[in-house]
Amino acid sequence: PIKEPTVAAFWSVNNIADAGLARLQIGARLIKSSIYEAQLAHPSLTTFVTLSPIPAFRKWIDQHPQLEAVIEKVVPAQQLEAVQKSGMIPDYYSSEDASKAVANTITGMEWWADKELSDLLAQPLSALAEHYILQEKLPDSLMPNCFVAGFHLGNGATLHRINFLADTSKLGMDRSYGMMVNYHYDLETTCANKVEFKLKVSGPKLSRRQRAKLNNNNNNNDNNNNNNN
């Protein structure tokens with residue numbers, strides 16, 4: 001028997017992010033209304049995620065002046081050594097420094113054409129993608145460097161899963177080495193997540209009154225959500 005669907009994935013929601021934070025509220029309303037409509041049509045749905053690109057991820061990797069240091073920081077040593085000692089890296093890209101060998105392999109080879117090598121790089125690249133989405137910030141800002149991440153996290157979503165080689169089209173490889181991400185929208189926590197994100201990216205600039213207003217808006221939104229359900 002065919003099972004009732006439990007997961008809904010939204011594609012193209014990220015297109016609204018192209019206009020920047022000025023349209024954040026429009027995006028939030030569109031996402032919430034889409035979730036409510038999906039729930040009405042399919043009551044079995046319990047999980048709502050996007051399938052989103054990481055548009056400048058490859059550029060960030062290829063142009064990072066200290067990529068080896070970032071790799072060493074975020075990728076477990078055993079994963080680095082597995083790539084280094086695999087015997088699959090040409091001498092030109094090899095190095096006694098495991099993090100450098102991985103950096104050279106990612107940026108210098110068409111590793112995605114080799115199934116065994118791409119499998120070895122799946123976890124290191126996923127760790128780099130998670131770091132890029134959650135830790136890398138715009139210059140002189142606390143906003144995420146990835147504008148798509150800023151859009152979804154700013155709307156109260158959470159990072160759900162990194163998808164390795166999810167988009168192997170030329171565009172997907174050119175902009176993100178094929179990586180895509182799911183952002184999870186849980187309507188019971190989105191309002192609180194939005195406030196937390198706003199407080200985090202605003203840093204000490206918000207006054208006590210502004211912080212109180214944010215929390216008050218959050219409480220009002222929670223009440224509205226309860227009334228809608």
# chains A, B, ... in the order shown; residues from 1 in each chain; ligands from 1
$ select_by_dssp --residues "region 13-192 of chain A" --states "strand (DSSP E)" --output "VMD selection string"
chain A and resid 47 to 50 52 to 53 158 to 163 180 to 184
$ atom_distance --atom1 "CA of Leu165 (chain A)" --atom2 "CA of Met179 (chain A)"
5.1 Å
$ closest_residue --among "A:Leu51, A:Ile106, A:Ile162, A:Leu120" --to "Ala82 (chain A)" --atoms "only C-alpha atoms"
A:Leu120
$ residues_around --residues "Ser126 (chain A)" --least-positions-apart "3" --cutoff "7 Å" --atoms "only C-alpha atoms" --output "PyMOL selection string"
chain A and resi 122-123+129-130+162+164
$ closest_residue --among "A:Ser86, A:Ser141, A:Ser99, A:Thr107" --to "Met173 (chain A)" --atoms "only C-alpha atoms"
A:Thr107
$ atom_distance --atom1 "CA of Phe151 (chain A)" --atom2 "CA of Gly27 (chain A)"
8.3 Å
$ atom_distance --atom1 "CA of Pro144 (chain A)" --atom2 "CA of Trp111 (chain A)"
27.8 Å
$ closest_residue --among "A:Ala157, A:Ile35, A:Met88, A:Leu171" --to "Cys191 (chain A)" --atoms "only C-alpha atoms"
A:Ala157
$ residues_around --residues "Val7 (chain A)" --least-positions-apart "3" --cutoff "8 Å" --atoms "only C-alpha atoms" --output "list in words"
Leu45, Thr46, Thr47, Phe48 and Val49 of chain A
$ residues_around --residues "Thr168 (chain A)" --least-positions-apart "2" --cutoff "12 Å" --atoms "only C-alpha atoms" --output "PyMOL selection string"
chain A and resi 53+112-113+163-166+170-180
$ write_last_selection --atoms "all heavy atoms" --output "compact mmCIF listing (two decimals), in the first residue's frame"
# COMPACT_ATOMS: atom_id res chain seq x y z
N PRO A 53 19.96 26.06 -2.64
CA PRO A 53 21.36 26.10 -3.08
C PRO A 53 22.26 26.80 -2.06
O PRO A 53 21.77 27.40 -1.10
CB PRO A 53 21.29 26.90 -4.38
CG PRO A 53 20.16 27.87 -4.13
CD PRO A 53 19.14 27.09 -3.31
N TRP A 112 34.65 14.93 -8.62
CA TRP A 112 33.28 14.42 -8.71
C TRP A 112 33.12 13.40 -9.83
O TRP A 112 32.13 12.68 -9.86
CB TRP A 112 32.31 15.58 -8.91
CG TRP A 112 32.67 16.47 -10.07
CD1 TRP A 112 32.28 16.33 -11.38
CD2 TRP A 112 33.48 17.64 -10.02
NE1 TRP A 112 32.80 17.33 -12.15
CE2 TRP A 112 33.55 18.16 -11.34
CE3 TRP A 112 34.17 18.30 -9.00
CZ2 TRP A 112 34.28 19.31 -11.66
CZ3 TRP A 112 34.89 19.45 -9.32
CH2 TRP A 112 34.94 19.94 -10.63
N ALA A 113 34.09 13.33 -10.73
CA ALA A 113 34.02 12.34 -11.80
C ALA A 113 34.48 10.96 -11.35
O ALA A 113 34.34 9.98 -12.08
CB ALA A 113 34.86 12.81 -13.00
N ASN A 163 23.25 18.24 1.68
CA ASN A 163 23.07 17.22 0.65
C ASN A 163 24.24 17.25 -0.33
O ASN A 163 24.38 18.19 -1.11
CB ASN A 163 21.75 17.44 -0.08
CG ASN A 163 20.56 17.37 0.85
OD1 ASN A 163 20.24 16.33 1.38
ND2 ASN A 163 19.93 18.51 1.08
N PHE A 164 25.07 16.23 -0.26
CA PHE A 164 26.27 16.14 -1.08
C PHE A 164 25.92 15.77 -2.52
O PHE A 164 25.15 14.85 -2.77
CB PHE A 164 27.21 15.08 -0.48
CG PHE A 164 28.49 14.88 -1.23
CD1 PHE A 164 29.46 15.86 -1.24
CD2 PHE A 164 28.73 13.70 -1.92
CE1 PHE A 164 30.65 15.68 -1.92
CE2 PHE A 164 29.91 13.51 -2.60
CZ PHE A 164 30.87 14.50 -2.61
N LEU A 165 26.48 16.54 -3.46
CA LEU A 165 26.27 16.32 -4.90
C LEU A 165 24.78 16.20 -5.24
O LEU A 165 24.37 15.34 -6.03
CB LEU A 165 27.04 15.09 -5.38
CG LEU A 165 28.57 15.21 -5.41
CD1 LEU A 165 29.18 13.95 -6.00
CD2 LEU A 165 29.02 16.42 -6.23
N ALA A 166 23.99 17.08 -4.66
CA ALA A 166 22.55 17.08 -4.93
C ALA A 166 22.21 17.77 -6.24
O ALA A 166 21.15 17.53 -6.81
CB ALA A 166 21.80 17.76 -3.79
N LYS A 170 25.84 21.85 -14.47
CA LYS A 170 26.99 22.74 -14.58
C LYS A 170 26.86 23.92 -13.62
O LYS A 170 27.82 24.30 -12.94
CB LYS A 170 27.15 23.26 -16.01
CG LYS A 170 28.41 24.10 -16.21
CD LYS A 170 28.55 24.57 -17.64
CE LYS A 170 29.89 25.28 -17.85
NZ LYS A 170 30.12 26.40 -16.93
N LEU A 171 25.66 24.49 -13.53
CA LEU A 171 25.44 25.60 -12.61
C LEU A 171 25.66 25.17 -11.18
O LEU A 171 26.31 25.87 -10.39
CB LEU A 171 24.02 26.16 -12.78
CG LEU A 171 23.63 27.31 -11.84
CD1 LEU A 171 24.54 28.52 -12.07
CD2 LEU A 171 22.17 27.68 -12.04
N GLY A 172 25.12 24.01 -10.81
CA GLY A 172 25.28 23.51 -9.45
C GLY A 172 26.73 23.28 -9.08
O GLY A 172 27.16 23.60 -7.97
N MET A 173 27.50 22.72 -10.01
CA MET A 173 28.92 22.48 -9.73
C MET A 173 29.69 23.78 -9.70
O MET A 173 30.59 23.97 -8.88
CB MET A 173 29.51 21.53 -10.78
CG MET A 173 28.87 20.15 -10.82
SD MET A 173 28.86 19.29 -9.21
CE MET A 173 30.62 19.12 -8.92
N ASP A 174 29.35 24.71 -10.60
CA ASP A 174 30.09 25.97 -10.69
C ASP A 174 29.90 26.84 -9.44
O ASP A 174 30.83 27.54 -9.03
CB ASP A 174 29.64 26.77 -11.92
CG ASP A 174 30.18 26.20 -13.22
OD1 ASP A 174 31.08 25.34 -13.15
OD2 ASP A 174 29.71 26.61 -14.29
N ARG A 175 28.72 26.78 -8.85
CA ARG A 175 28.50 27.69 -7.73
C ARG A 175 28.63 27.04 -6.35
O ARG A 175 28.83 27.73 -5.36
CB ARG A 175 27.15 28.39 -7.85
CG ARG A 175 25.92 27.52 -7.74
CD ARG A 175 24.67 28.38 -7.90
NE ARG A 175 23.44 27.62 -7.77
CZ ARG A 175 22.23 28.18 -7.84
NH1 ARG A 175 22.12 29.49 -8.04
NH2 ARG A 175 21.15 27.47 -7.72
N SER A 176 28.51 25.70 -6.28
CA SER A 176 28.55 25.12 -4.93
C SER A 176 29.14 23.72 -4.88
O SER A 176 28.93 23.00 -3.90
CB SER A 176 27.13 25.08 -4.35
OG SER A 176 26.30 24.21 -5.12
N TYR A 177 29.91 23.33 -5.91
CA TYR A 177 30.42 21.95 -5.97
C TYR A 177 29.28 20.94 -5.80
O TYR A 177 29.46 19.87 -5.22
CB TYR A 177 31.49 21.72 -4.90
CG TYR A 177 32.84 22.29 -5.26
CD1 TYR A 177 33.46 23.25 -4.45
CD2 TYR A 177 33.53 21.88 -6.40
CE1 TYR A 177 34.70 23.78 -4.77
CE2 TYR A 177 34.78 22.40 -6.73
CZ TYR A 177 35.35 23.35 -5.92
OH TYR A 177 36.58 23.87 -6.24
N GLY A 178 28.10 21.30 -6.28
CA GLY A 178 26.96 20.39 -6.25
C GLY A 178 26.25 20.28 -4.92
O GLY A 178 25.27 19.52 -4.80
N MET A 179 26.69 21.03 -3.91
CA MET A 179 26.09 20.91 -2.59
C MET A 179 24.76 21.68 -2.52
O MET A 179 24.63 22.77 -3.08
CB MET A 179 27.04 21.46 -1.52
CG MET A 179 28.44 20.88 -1.56
SD MET A 179 28.50 19.15 -1.08
CE MET A 179 28.33 19.29 0.69
N MET A 180 23.80 21.10 -1.82
CA MET A 180 22.54 21.78 -1.52
C MET A 180 22.21 21.53 -0.05
O MET A 180 22.86 20.70 0.61
CB MET A 180 21.41 21.31 -2.43
CG MET A 180 21.65 21.59 -3.91
SD MET A 180 20.20 21.27 -4.95
CE MET A 180 19.19 22.71 -4.57
$ select_by_dssp --residues "region 21-72 of chain A" --states "alpha helix (DSSP H)" --output "tab-separated table (two decimals) with C-alpha atoms, in the first residue's frame"
chain	number	residue	atom	x	y	z
A	24	LEU	CA	11.97	38.99	4.43
A	25	GLN	CA	8.41	39.41	5.73
A	26	ILE	CA	6.94	38.57	2.32
A	27	GLY	CA	9.00	35.41	2.27
A	28	ALA	CA	7.90	34.46	5.78
A	29	ARG	CA	4.21	34.85	4.91
A	30	LEU	CA	4.62	32.86	1.69
A	31	ILE	CA	6.38	30.00	3.48
A	32	LYS	CA	3.84	29.84	6.30
A	33	SER	CA	0.85	29.98	3.95
A	34	SER	CA	2.40	27.23	1.81
A	35	ILE	CA	2.84	25.04	4.88
A	36	TYR	CA	-0.74	25.61	6.04
A	37	GLU	CA	-2.11	24.82	2.58
A	38	ALA	CA	0.01	21.68	2.35
A	39	GLN	CA	-1.22	20.55	5.78
A	40	LEU	CA	-4.83	21.07	4.75
A	41	ALA	CA	-4.33	19.04	1.57
A	57	PHE	CA	30.12	28.15	-1.66
A	58	ARG	CA	32.57	27.16	-4.39
A	59	LYS	CA	33.81	30.73	-4.77
A	60	TRP	CA	34.38	30.90	-1.01
A	61	ILE	CA	36.38	27.67	-1.09
A	62	ASP	CA	38.40	28.47	-4.22
A	63	GLN	CA	39.34	31.97	-3.07
A	67	LEU	CA	41.48	27.23	3.32
A	68	GLU	CA	43.86	24.64	4.79
A	69	ALA	CA	43.44	26.15	8.26
A	70	VAL	CA	39.65	26.09	7.95
A	71	ILE	CA	39.72	22.46	6.78
A	72	GLU	CA	41.97	21.47	9.68
$ closest_residue --among "A:Thr190, A:Asn182, A:Gln84, A:Ser94" --to "Phe10 (chain A)" --atoms "only C-alpha atoms"
A:Asn182
$ closest_residue --among "A:Leu117, A:Leu125, A:Ala103, A:Val201" --to "Pro65 (chain A)" --atoms "only C-alpha atoms"
A:Ala103
